[in-house]
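**Q** Dropping in run.cif, which is mmCIF, C-alpha atoms:
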data_structure
loop_
_atom_site.group_PDB
_atom_site.id
_atom_site.type_symbol
_atom_site.label_atom_id
_atom_site.label_comp_id
_atom_site.auth_asym_id
_atom_site.auth_seq_id
_atom_site.Cartn_x
_atom_site.Cartn_y
_atom_site.Cartn_z
ATOM 1 C CA MET A 1 47.472 12.411 26.885
ATOM 2 C CA THR A 2 45.535 14.523 24.416
ATOM 3 C CA LEU A 3 47.430 13.010 21.498
ATOM 4 C CA ALA A 4 46.731 9.533 22.896
ATOM 5 C CA PHE A 5 43.032 10.351 22.844
ATOM 6 C CA TYR A 6 43.056 11.274 19.164
ATOM 7 C CA ILE A 7 45.094 8.194 18.252
ATOM 8 C CA ALA A 8 42.702 5.958 20.204
ATOM 9 C CA ALA A 9 39.734 7.708 18.607
ATOM 10 C CA ALA A 10 41.114 7.088 15.114
ATOM 11 C CA VAL A 11 41.773 3.434 15.950
ATOM 12 C CA ALA A 12 38.269 3.067 17.391
ATOM 13 C CA LEU A 13 36.643 4.574 14.296
ATOM 14 C CA ALA A 14 38.673 2.481 11.843
ATOM 15 C CA ALA A 15 38.208 -0.756 13.804
ATOM 16 C CA THR A 16 34.476 -0.187 14.242
ATOM 17 C CA PHE A 17 34.094 0.555 10.543
ATOM 18 C CA ARG A 18 35.846 -2.693 9.663
ATOM 19 C CA ALA A 19 33.847 -4.616 12.272
ATOM 20 C CA VAL A 20 30.597 -3.467 10.712
ATOM 21 C CA THR A 21 31.628 -3.941 7.071
ATOM 22 C CA HIS A 22 33.704 -7.130 7.217
ATOM 23 C CA ALA A 23 32.320 -10.242 5.528
ATOM 24 C CA ASP A 24 33.937 -12.728 7.904
ATOM 25 C CA ALA A 25 32.251 -12.911 11.307
ATOM 26 C CA VAL A 26 35.371 -13.939 13.242
ATOM 27 C CA HIS A 27 37.483 -11.155 11.730
ATOM 28 C CA ALA A 28 34.709 -8.636 12.344
ATOM 29 C CA LEU A 29 34.537 -9.657 16.005
ATOM 30 C CA LEU A 30 38.300 -9.349 16.371
ATOM 31 C CA TYR A 31 38.104 -5.854 14.879
ATOM 32 C CA PHE A 32 35.355 -5.066 17.357
ATOM 33 C CA ILE A 33 37.629 -6.199 20.195
ATOM 34 C CA VAL A 34 40.247 -3.709 18.935
ATOM 35 C CA SER A 35 37.568 -1.025 18.926
ATOM 36 C CA LEU A 36 36.630 -1.882 22.521
ATOM 37 C CA LEU A 37 40.269 -1.737 23.591
ATOM 38 C CA ALA A 38 40.549 1.714 22.003
ATOM 39 C CA ALA A 39 37.406 2.756 23.881
ATOM 40 C CA ALA A 40 39.008 1.458 27.094
ATOM 41 C CA VAL A 41 42.045 3.651 26.407
ATOM 42 C CA ILE A 42 39.714 6.639 25.983
ATOM 43 C CA PHE A 43 37.955 5.815 29.269
ATOM 44 C CA TYR A 44 41.315 5.687 30.994
ATOM 45 C CA ILE A 45 42.274 9.060 29.543
ATOM 46 C CA LEU A 46 38.944 10.500 30.690
ATOM 47 C CA GLY A 47 39.743 9.520 34.278
ATOM 48 C CA ALA A 48 37.665 6.331 34.515
ATOM 49 C CA PRO A 49 40.219 3.533 35.034
ATOM 50 C CA PHE A 50 37.725 1.176 36.719
ATOM 51 C CA VAL A 51 35.327 1.399 33.804
ATOM 52 C CA ALA A 52 38.230 0.911 31.388
ATOM 53 C CA ALA A 53 39.055 -2.349 33.181
ATOM 54 C CA LEU A 54 35.391 -3.390 33.084
ATOM 55 C CA GLU A 55 35.255 -2.628 29.379
ATOM 56 C CA ILE A 56 38.138 -5.003 28.737
ATOM 57 C CA ILE A 57 37.132 -7.716 31.202
ATOM 58 C CA ILE A 58 33.384 -7.854 30.593
ATOM 59 C CA TYR A 59 32.902 -6.467 27.087
ATOM 60 C CA ALA A 60 35.970 -7.752 25.271
ATOM 61 C CA GLY A 61 36.606 -10.669 27.575
ATOM 62 C CA ALA A 62 33.120 -12.072 28.115
ATOM 63 C CA ILE A 63 30.549 -10.674 25.687
ATOM 64 C CA ILE A 64 32.628 -10.806 22.507
ATOM 65 C CA VAL A 65 34.047 -14.192 23.439
ATOM 66 C CA LEU A 66 30.432 -15.384 23.761
ATOM 67 C CA PHE A 67 29.883 -14.108 20.210
ATOM 68 C CA LEU A 68 32.977 -15.985 19.035
ATOM 69 C CA PHE A 69 31.736 -19.172 20.701
ATOM 70 C CA VAL A 70 28.430 -18.918 18.864
ATOM 71 C CA VAL A 71 30.103 -18.153 15.523
ATOM 72 C CA MET A 72 32.309 -21.209 15.936
ATOM 73 C CA LEU A 73 29.371 -23.314 17.122
ATOM 74 C CA LEU A 74 27.454 -22.493 13.946
ATOM 75 C CA HIS A 75 30.304 -23.604 11.635
ATOM 76 C CA ILE A 76 30.160 -20.458 9.560
ATOM 77 C CA GLY A 77 32.601 -21.343 6.821
ATOM 78 C CA ARG A 78 33.572 -20.352 3.312
ATOM 79 C CA GLY A 79 30.099 -20.722 1.841
ATOM 80 C CA GLN A 80 28.659 -18.356 4.393
ATOM 81 C CA ARG A 81 31.409 -15.851 3.678
ATOM 82 C CA ARG A 82 30.705 -15.945 -0.054
ATOM 83 C CA GLU A 83 26.985 -15.518 0.617
ATOM 84 C CA GLU A 84 27.797 -12.656 2.943
ATOM 85 C CA ARG A 85 29.790 -10.899 0.207
ATOM 86 C CA THR A 86 26.771 -10.988 -2.058
ATOM 87 C CA TRP A 87 24.705 -9.478 0.750
ATOM 88 C CA ILE A 88 27.001 -6.522 1.430
ATOM 89 C CA ARG A 89 27.430 -5.104 -2.043
ATOM 90 C CA PRO A 90 28.047 -1.322 -2.038
ATOM 91 C CA ARG A 91 24.547 -0.729 -3.396
ATOM 92 C CA VAL A 92 23.067 -2.146 -0.187
ATOM 93 C CA TRP A 93 24.967 0.423 1.863
ATOM 94 C CA ILE A 94 23.728 3.559 0.073
ATOM 95 C CA GLY A 95 20.412 3.994 1.903
ATOM 96 C CA PRO A 96 21.601 3.168 5.450
ATOM 97 C CA ALA A 97 24.811 5.166 5.009
ATOM 98 C CA MET A 98 22.863 8.209 3.827
ATOM 99 C CA LEU A 99 20.403 7.995 6.726
ATOM 100 C CA ALA A 100 23.202 7.565 9.250
ATOM 101 C CA ALA A 101 25.153 10.420 7.637
ATOM 102 C CA VAL A 102 22.166 12.747 7.908
ATOM 103 C CA LEU A 103 21.775 11.896 11.610
ATOM 104 C CA LEU A 104 25.514 12.299 12.117
ATOM 105 C CA ALA A 105 25.553 15.692 10.402
ATOM 106 C CA ALA A 106 22.582 16.922 12.422
ATOM 107 C CA THR A 107 24.076 15.830 15.747
ATOM 108 C CA VAL A 108 27.529 17.162 14.880
ATOM 109 C CA THR A 109 25.980 20.525 14.049
ATOM 110 C CA VAL A 110 24.164 20.589 17.384
ATOM 111 C CA ILE A 111 27.263 19.571 19.346
ATOM 112 C CA LEU A 112 29.490 22.127 17.651
ATOM 113 C CA ALA A 113 26.925 24.940 17.826
ATOM 114 C CA GLU A 114 26.457 24.830 21.595
ATOM 115 C CA SER A 115 29.497 25.480 23.705
ATOM 116 C CA PRO A 116 29.156 23.387 26.875
ATOM 117 C CA PRO A 117 28.797 25.206 30.201
ATOM 118 C CA ALA A 118 31.708 25.267 32.565
ATOM 119 C CA PRO A 119 32.122 22.079 34.610
ATOM 120 C CA TYR A 120 31.385 22.091 38.334
ATOM 121 C CA ASP A 121 34.820 21.291 39.622
ATOM 122 C CA LEU A 122 38.154 19.858 38.641
ATOM 123 C CA PRO A 123 37.614 16.126 38.297
ATOM 124 C CA GLN A 124 40.139 13.488 39.215
ATOM 125 C CA ALA A 125 40.425 9.845 38.269
ATOM 126 C CA THR A 126 37.531 8.101 39.998
ATOM 127 C CA ALA A 127 38.290 5.354 42.503
ATOM 128 C CA PRO A 128 36.243 2.141 42.235
ATOM 129 C CA SER A 129 34.961 2.745 45.787
ATOM 130 C CA ASP A 130 33.289 5.982 44.654
ATOM 131 C CA ILE A 131 31.427 4.070 41.966
ATOM 132 C CA GLY A 132 30.414 1.446 44.516
ATOM 133 C CA VAL A 133 29.104 4.138 46.875
ATOM 134 C CA SER A 134 27.164 5.657 43.989
ATOM 135 C CA LEU A 135 25.748 2.302 42.870
ATOM 136 C CA PHE A 136 24.597 1.208 46.305
ATOM 137 C CA GLY A 137 23.581 4.683 47.456
ATOM 138 C CA PRO A 138 21.333 6.631 45.089
ATOM 139 C CA TYR A 139 21.182 3.880 42.456
ATOM 140 C CA VAL A 140 20.344 0.898 44.656
ATOM 141 C CA VAL A 141 16.916 0.452 43.041
ATOM 142 C CA ALA A 142 18.539 0.458 39.608
ATOM 143 C CA VAL A 143 20.960 -2.232 40.807
ATOM 144 C CA GLN A 144 18.003 -4.372 41.895
ATOM 145 C CA LEU A 145 16.383 -3.809 38.505
ATOM 146 C CA ALA A 146 19.638 -4.781 36.772
ATOM 147 C CA ALA A 147 19.651 -7.996 38.803
ATOM 148 C CA LEU A 148 16.078 -8.639 37.685
ATOM 149 C CA LEU A 149 17.089 -7.956 34.075
ATOM 150 C CA LEU A 150 19.976 -10.407 34.308
ATOM 151 C CA LEU A 151 17.669 -13.035 35.785
ATOM 152 C CA ALA A 152 15.208 -12.463 32.951
ATOM 153 C CA GLY A 153 18.053 -12.777 30.444
ATOM 154 C CA LEU A 154 19.189 -16.005 32.077
ATOM 155 C CA VAL A 155 15.702 -17.517 32.036
ATOM 156 C CA GLY A 156 15.094 -16.304 28.472
ATOM 157 C CA ALA A 157 18.359 -17.674 27.153
ATOM 158 C CA SER A 158 17.930 -21.034 28.844
ATOM 159 C CA HIS A 159 14.369 -21.273 27.535
ATOM 160 C CA LEU A 160 15.297 -20.309 23.973
ATOM 161 C CA ARG A 161 18.176 -22.726 23.639
ATOM 162 C CA ARG A 162 15.722 -25.663 24.019
ATOM 163 C CA HIS A 163 15.686 -27.943 20.978
ATOM 164 C CA ASP A 164 12.035 -28.754 20.584
ATOM 165 C CA LYS A 165 12.363 -31.666 18.206
ATOM 166 C CA SER A 166 8.656 -32.494 18.099
ATOM 167 C CA THR A 167 7.746 -29.238 16.350
ATOM 168 C CA PRO A 168 10.495 -28.218 13.926
ATOM 169 C CA LEU A 169 8.448 -25.179 12.769
ATOM 170 C CA ARG A 170 10.413 -24.768 9.571
ATOM 171 C CA ALA A 171 9.163 -21.977 7.360
ATOM 172 C CA LYS A 172 7.908 -22.830 3.893
ATOM 173 C CA GLY A 173 10.529 -22.748 1.167
ATOM 174 C CA ASP A 174 13.473 -23.111 3.485
ATOM 175 C CA PRO A 175 16.048 -25.723 2.657
ATOM 176 C CA PRO A 176 15.731 -28.668 5.028
ATOM 177 C CA MET B 1 38.588 16.149 33.032
ATOM 178 C CA ASN B 2 42.174 15.700 34.025
ATOM 179 C CA THR B 3 43.260 16.192 30.430
ATOM 180 C CA HIS B 4 42.651 18.855 27.842
ATOM 181 C CA VAL B 5 40.430 16.766 25.619
ATOM 182 C CA PRO B 6 37.396 18.954 24.871
ATOM 183 C CA LEU B 7 34.009 17.471 25.676
ATOM 184 C CA GLU B 8 32.829 18.151 22.116
ATOM 185 C CA HIS B 9 35.475 15.914 20.598
ATOM 186 C CA VAL B 10 34.566 12.937 22.762
ATOM 187 C CA MET B 11 30.884 13.517 21.957
ATOM 188 C CA LEU B 12 31.693 13.719 18.246
ATOM 189 C CA LEU B 13 33.532 10.401 18.500
ATOM 190 C CA ALA B 14 30.568 8.841 20.304
ATOM 191 C CA VAL B 15 28.145 10.137 17.676
ATOM 192 C CA ALA B 16 30.358 8.893 14.840
ATOM 193 C CA LEU B 17 30.589 5.430 16.414
ATOM 194 C CA PHE B 18 26.825 5.420 16.909
ATOM 195 C CA ALA B 19 26.264 6.371 13.261
ATOM 196 C CA ILE B 20 28.562 3.573 12.073
ATOM 197 C CA GLY B 21 26.635 1.110 14.222
ATOM 198 C CA LEU B 22 23.314 2.411 12.936
ATOM 199 C CA ALA B 23 24.383 2.110 9.297
ATOM 200 C CA GLY B 24 25.623 -1.416 9.968
ATOM 201 C CA LEU B 25 22.379 -2.386 11.684
ATOM 202 C CA LEU B 26 20.337 -1.122 8.741
ATOM 203 C CA ALA B 27 22.529 -2.541 5.990
ATOM 204 C CA ARG B 28 23.539 -5.993 7.215
ATOM 205 C CA ARG B 29 21.357 -9.055 6.768
ATOM 206 C CA ASN B 30 23.358 -11.465 8.875
ATOM 207 C CA LEU B 31 21.883 -11.642 12.387
ATOM 208 C CA ILE B 32 25.289 -11.861 14.071
ATOM 209 C CA PHE B 33 26.428 -8.629 12.439
ATOM 210 C CA MET B 34 23.183 -6.934 13.367
ATOM 211 C CA LEU B 35 23.799 -7.866 17.006
ATOM 212 C CA VAL B 36 27.400 -6.614 16.745
ATOM 213 C CA SER B 37 26.095 -3.317 15.344
ATOM 214 C CA VAL B 38 23.754 -2.974 18.309
ATOM 215 C CA GLU B 39 26.731 -3.542 20.594
ATOM 216 C CA VAL B 40 28.635 -0.808 18.744
ATOM 217 C CA MET B 41 25.758 1.589 19.352
ATOM 218 C CA LEU B 42 25.520 0.653 23.048
ATOM 219 C CA ASN B 43 29.245 1.181 23.433
ATOM 220 C CA ALA B 44 28.978 4.614 21.796
ATOM 221 C CA ALA B 45 26.207 5.555 24.229
ATOM 222 C CA GLY B 46 28.421 4.402 27.097
ATOM 223 C CA LEU B 47 31.250 6.549 25.796
ATOM 224 C CA ALA B 48 28.958 9.585 25.814
ATOM 225 C CA PHE B 49 27.977 8.825 29.432
ATOM 226 C CA ILE B 50 31.606 8.487 30.508
ATOM 227 C CA ALA B 51 32.588 11.713 28.750
ATOM 228 C CA ALA B 52 29.761 13.676 30.330
ATOM 229 C CA GLY B 53 30.460 12.178 33.750
ATOM 230 C CA ALA B 54 34.147 13.012 33.467
ATOM 231 C CA TYR B 55 33.341 16.544 32.344
ATOM 232 C CA TRP B 56 31.102 17.242 35.317
ATOM 233 C CA GLY B 57 33.350 15.414 37.748
ATOM 234 C CA GLN B 58 30.551 13.102 38.855
ATOM 235 C CA VAL B 59 30.588 9.312 39.126
ATOM 236 C CA ASP B 60 27.025 8.993 37.810
ATOM 237 C CA GLY B 61 28.257 8.582 34.240
ATOM 238 C CA GLN B 62 30.336 5.591 35.239
ATOM 239 C CA SER B 63 27.442 4.085 37.208
ATOM 240 C CA MET B 64 25.291 4.418 34.096
ATOM 241 C CA PHE B 65 27.982 2.722 32.038
ATOM 242 C CA ILE B 66 27.876 -0.241 34.421
ATOM 243 C CA PHE B 67 24.104 -0.451 33.886
ATOM 244 C CA ILE B 68 24.635 -0.311 30.117
ATOM 245 C CA LEU B 69 27.158 -3.128 30.470
ATOM 246 C CA THR B 70 24.656 -5.222 32.444
ATOM 247 C CA MET B 71 21.968 -4.559 29.860
ATOM 248 C CA ALA B 72 24.350 -5.452 27.023
ATOM 249 C CA ALA B 73 25.247 -8.742 28.720
ATOM 250 C CA ALA B 74 21.593 -9.717 29.191
ATOM 251 C CA GLU B 75 20.745 -8.628 25.659
ATOM 252 C CA VAL B 76 23.609 -10.608 24.148
ATOM 253 C CA ALA B 77 22.632 -13.739 26.077
ATOM 254 C CA VAL B 78 19.063 -13.624 24.789
ATOM 255 C CA GLY B 79 20.089 -12.478 21.305
ATOM 256 C CA LEU B 80 22.632 -15.237 20.841
ATOM 257 C CA ALA B 81 20.125 -17.816 22.092
ATOM 258 C CA ILE B 82 17.668 -16.551 19.466
ATOM 259 C CA ILE B 83 20.409 -16.711 16.808
ATOM 260 C CA LEU B 84 21.210 -20.322 17.757
ATOM 261 C CA GLN B 85 17.529 -21.246 17.603
ATOM 262 C CA PHE B 86 17.166 -19.399 14.272
ATOM 263 C CA HIS B 87 20.161 -21.205 12.788
ATOM 264 C CA TRP B 88 18.823 -24.518 14.027
ATOM 265 C CA ARG B 89 15.524 -23.921 12.242
ATOM 266 C CA HIS B 90 16.662 -22.231 9.024
ATOM 267 C CA HIS B 91 20.295 -23.372 8.656
ATOM 268 C CA HIS B 92 21.389 -19.847 7.787
ATOM 269 C CA LEU B 93 21.363 -16.437 9.443
ATOM 270 C CA ASP B 94 19.493 -14.333 6.898
ATOM 271 C CA ALA B 95 17.313 -11.918 8.868
ATOM 272 C CA ASP B 96 14.878 -11.692 5.941
ATOM 273 C CA ALA B 97 13.828 -15.291 6.611
ATOM 274 C CA ALA B 98 12.344 -14.150 9.906
ATOM 275 C CA ALA B 99 9.615 -12.412 7.892
ATOM 276 C CA THR B 100 7.964 -15.807 7.426
ATOM 277 C CA MET B 101 8.213 -16.783 11.095
ATOM 278 C CA LYS B 102 4.985 -17.746 12.800
ATOM 279 C CA GLY B 103 4.025 -17.385 16.449
#
Translate the structure of the given file into structure tokens.
**A**
Amino acid sequence: MTLAFYIAAAVALAATFRAVTHADAVHALLYFIVSLLAAAVIFYILGAPFVAALEIIIYAGAIIVLFLFVVMLLHIGRGQRREERTWIRPRVWIGPAMLAAVLLAATVTVILAESPPAPYDLPQATAPSDIGVSLFGPYVVAVQLAALLLLAGLVGASHLRRHDKSTPLRAKGDPP
Amino acid sequence: MNTHVPLEHVMLLAVALFAIGLAGLLARRNLIFMLVSVEVMLNAAGLAFIAAGAYWGQVDGQSMFIFILTMAAAEVAVGLAIILQFHWRHHHLDADAAATMKG
């Protein structure tokens, strides 16, 4: 089980790296799906099988597929890929990579310096019913807020997708 | 934790994933990749929640992950709608073009 964790962690890191650096949107999204599957394996190892299933069903199965739909809807083809390659030259990565590396180093130092206190008890794999009890017990207000958030997302998305043909609002200098 | 994976290692993985997402968010100019990088960061945060919840033997970490999932779904719906609208207006996905956006 421990070995499986390290294998899944390596896969997750490599797949995420490729997802972020790839020039082709579809390939990047497929790499991200691999990364999410690796994360689901880690969740399973950590004793959270319900969340692992949710990760696959909702994240990989719904959210990323929504991304893929949009990428295919936009007809991002060869030209876009070539343009993308000119955007992600190594020089562009220096600043962000250095900033992220500094943050990473700082956090790694903090994590390794402090040994965590002993856990309360010996945990087991959590049953979905326990999560349900937790969600609708102490977190019931948060569930209501999540419902409100989803409603706001729904209204926002359906408002934004409107094609307002009377006012094209094209910025100056853009190709028509 | 029902395994012998130390908490630090899971946290280190979460931090590394978060850093990759952050670098991607800062470096990429394509809006779709920026949104994917945000998803990477959200997923890393969820991993940290799950690890901490598993370590303490509480279900709260998993509840929080479900909230993160809900938030990610709402965020992606709005973000992709904005991307579609942006592509309809500009015919590309260069985030720098949004600098000239009005109102």
**Q** What would the selection look like, as a PDB file with C-alpha atoms, keeping the file's coordinate frame, if the PyMOL selection byres ((chain B and resi 13) around 12) were run on the coordinates I just shared?
**A**
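Here's the written file part.pdb:
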ATOM      1  CA  PHE A   5      43.032  10.351  22.844  1.00  0.00           C
ATOM      2  CA  TYR A   6      43.056  11.274  19.164  1.00  0.00           C
ATOM      3  CA  ILE A   7      45.094   8.194  18.252  1.00  0.00           C
ATOM      4  CA  ALA A   8      42.702   5.958  20.204  1.00  0.00           C
ATOM      5  CA  ALA A   9      39.734   7.708  18.607  1.00  0.00           C
ATOM      6  CA  ALA A  10      41.114   7.088  15.114  1.00  0.00           C
ATOM      7  CA  VAL A  11      41.773   3.434  15.950  1.00  0.00           C
ATOM      8  CA  ALA A  12      38.269   3.067  17.391  1.00  0.00           C
ATOM      9  CA  LEU A  13      36.643   4.574  14.296  1.00  0.00           C
ATOM     10  CA  ALA A  14      38.673   2.481  11.843  1.00  0.00           C
ATOM     11  CA  THR A  16      34.476  -0.187  14.242  1.00  0.00           C
ATOM     12  CA  ALA A  38      40.549   1.714  22.003  1.00  0.00           C
ATOM     13  CA  ALA A  39      37.406   2.756  23.881  1.00  0.00           C
ATOM     14  CA  ILE A  42      39.714   6.639  25.983  1.00  0.00           C
ATOM     15  CA  LEU A 104      25.514  12.299  12.117  1.00  0.00           C
ATOM     16  CA  THR A 107      24.076  15.830  15.747  1.00  0.00           C
ATOM     17  CA  VAL A 108      27.529  17.162  14.880  1.00  0.00           C
ATOM     18  CA  ILE A 111      27.263  19.571  19.346  1.00  0.00           C
TER      19      ILE A 111
ATOM     20  CA  VAL B   5      40.430  16.766  25.619  1.00  0.00           C
ATOM     21  CA  PRO B   6      37.396  18.954  24.871  1.00  0.00           C
ATOM     22  CA  LEU B   7      34.009  17.471  25.676  1.00  0.00           C
ATOM     23  CA  GLU B   8      32.829  18.151  22.116  1.00  0.00           C
ATOM     24  CA  HIS B   9      35.475  15.914  20.598  1.00  0.00           C
ATOM     25  CA  VAL B  10      34.566  12.937  22.762  1.00  0.00           C
ATOM     26  CA  MET B  11      30.884  13.517  21.957  1.00  0.00           C
ATOM     27  CA  LEU B  12      31.693  13.719  18.246  1.00  0.00           C
ATOM     28  CA  ALA B  14      30.568   8.841  20.304  1.00  0.00           C
ATOM     29  CA  VAL B  15      28.145  10.137  17.676  1.00  0.00           C
ATOM     30  CA  ALA B  16      30.358   8.893  14.840  1.00  0.00           C
ATOM     31  CA  LEU B  17      30.589   5.430  16.414  1.00  0.00           C
ATOM     32  CA  PHE B  18      26.825   5.420  16.909  1.00  0.00           C
ATOM     33  CA  ALA B  19      26.264   6.371  13.261  1.00  0.00           C
ATOM     34  CA  ILE B  20      28.562   3.573  12.073  1.00  0.00           C
ATOM     35  CA  MET B  41      25.758   1.589  19.352  1.00  0.00           C
ATOM     36  CA  ASN B  43      29.245   1.181  23.433  1.00  0.00           C
ATOM     37  CA  ALA B  44      28.978   4.614  21.796  1.00  0.00           C
ATOM     38  CA  ALA B  45      26.207   5.555  24.229  1.00  0.00           C
ATOM     39  CA  GLY B  46      28.421   4.402  27.097  1.00  0.00           C
ATOM     40  CA  LEU B  47      31.250   6.549  25.796  1.00  0.00           C
ATOM     41  CA  ALA B  48      28.958   9.585  25.814  1.00  0.00           C
ATOM     42  CA  ALA B  51      32.588  11.713  28.750  1.00  0.00           C
TER      43      ALA B  51
END
**Q** Figure out the distance between CA of Ile32 in chain B and CA of Phe67 in chain B, please, to one decimal in Å.
**A** 22.9 Å
**Q** Might you spell out which residues the PyMOL selection byres ((chain A and resi 59) around 12) would select in the displayed file, as a VMD selection string?
**A** (chain A and resid 29 32 to 37 39 to 40 51 to 58 60 to 67) or (chain B and resid 36 39 to 40 42 to 43 46 65 to 66 68 to 74 76)
**Q** Evaluated on this file, the PyMOL selection byres ((chain A and resi 99) around 12) picks out some residues - which ones are they, written as a list of chain:residue names?
**A**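 That selection, the PyMOL selection byres ((chain A and resi 99) around 12), comes back as A:Trp93, A:Ile94, A:Gly95, A:Pro96, A:Ala97, A:Met98, A:Ala100, A:Ala101, A:Val102, A:Leu103, A:Leu104, A:Ala105, A:Ala106, B:Ala19, B:Ile20, B:Gly21, B:Leu22, B:Ala23, B:Gly24, B:Leu25, B:Leu26, B:Ala27.
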**Q** Ranking B:Phe86, B:Met64, B:Asp94, B:Val78 by minimum distance to chain A and counting all atoms listed in the file, which one comes first?
**A** B:Val78
**Q** Residues at most 10 Å from Trp87 in chain A, counting all atoms listed in the file, excluding those fewer than 3 positions away in the same chain, as a list in words?
**A**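 That gives Ala23, Arg81, Arg82, Glu83, Glu84, Pro90, Arg91, Val92 and Trp93 of chain A; Ala27, Arg28, Arg29, Asn30 and Asp94 of chain B.
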**Q** In Å, how far is it from CA of Pro117 in chain A to CA of Ser63 in chain B?
**A** 22.3 Å
**Q** When you draw a straight line from CA of Gly57 in chain B to CA of Gly47 in chain A, how long is it in Å?
**A**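 Between CA of Gly57 in chain B and CA of Gly47 in chain A the gap is 9.4 Å.
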**Q** Quick one: of A:Ile88, A:Leu74, A:Ala146, A:Ala125, who's nearest to Leu84 in chain B, counting only C-alpha atoms?
**A**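 Selected residue with least distance to Leu84 in chain B: A:Leu74.
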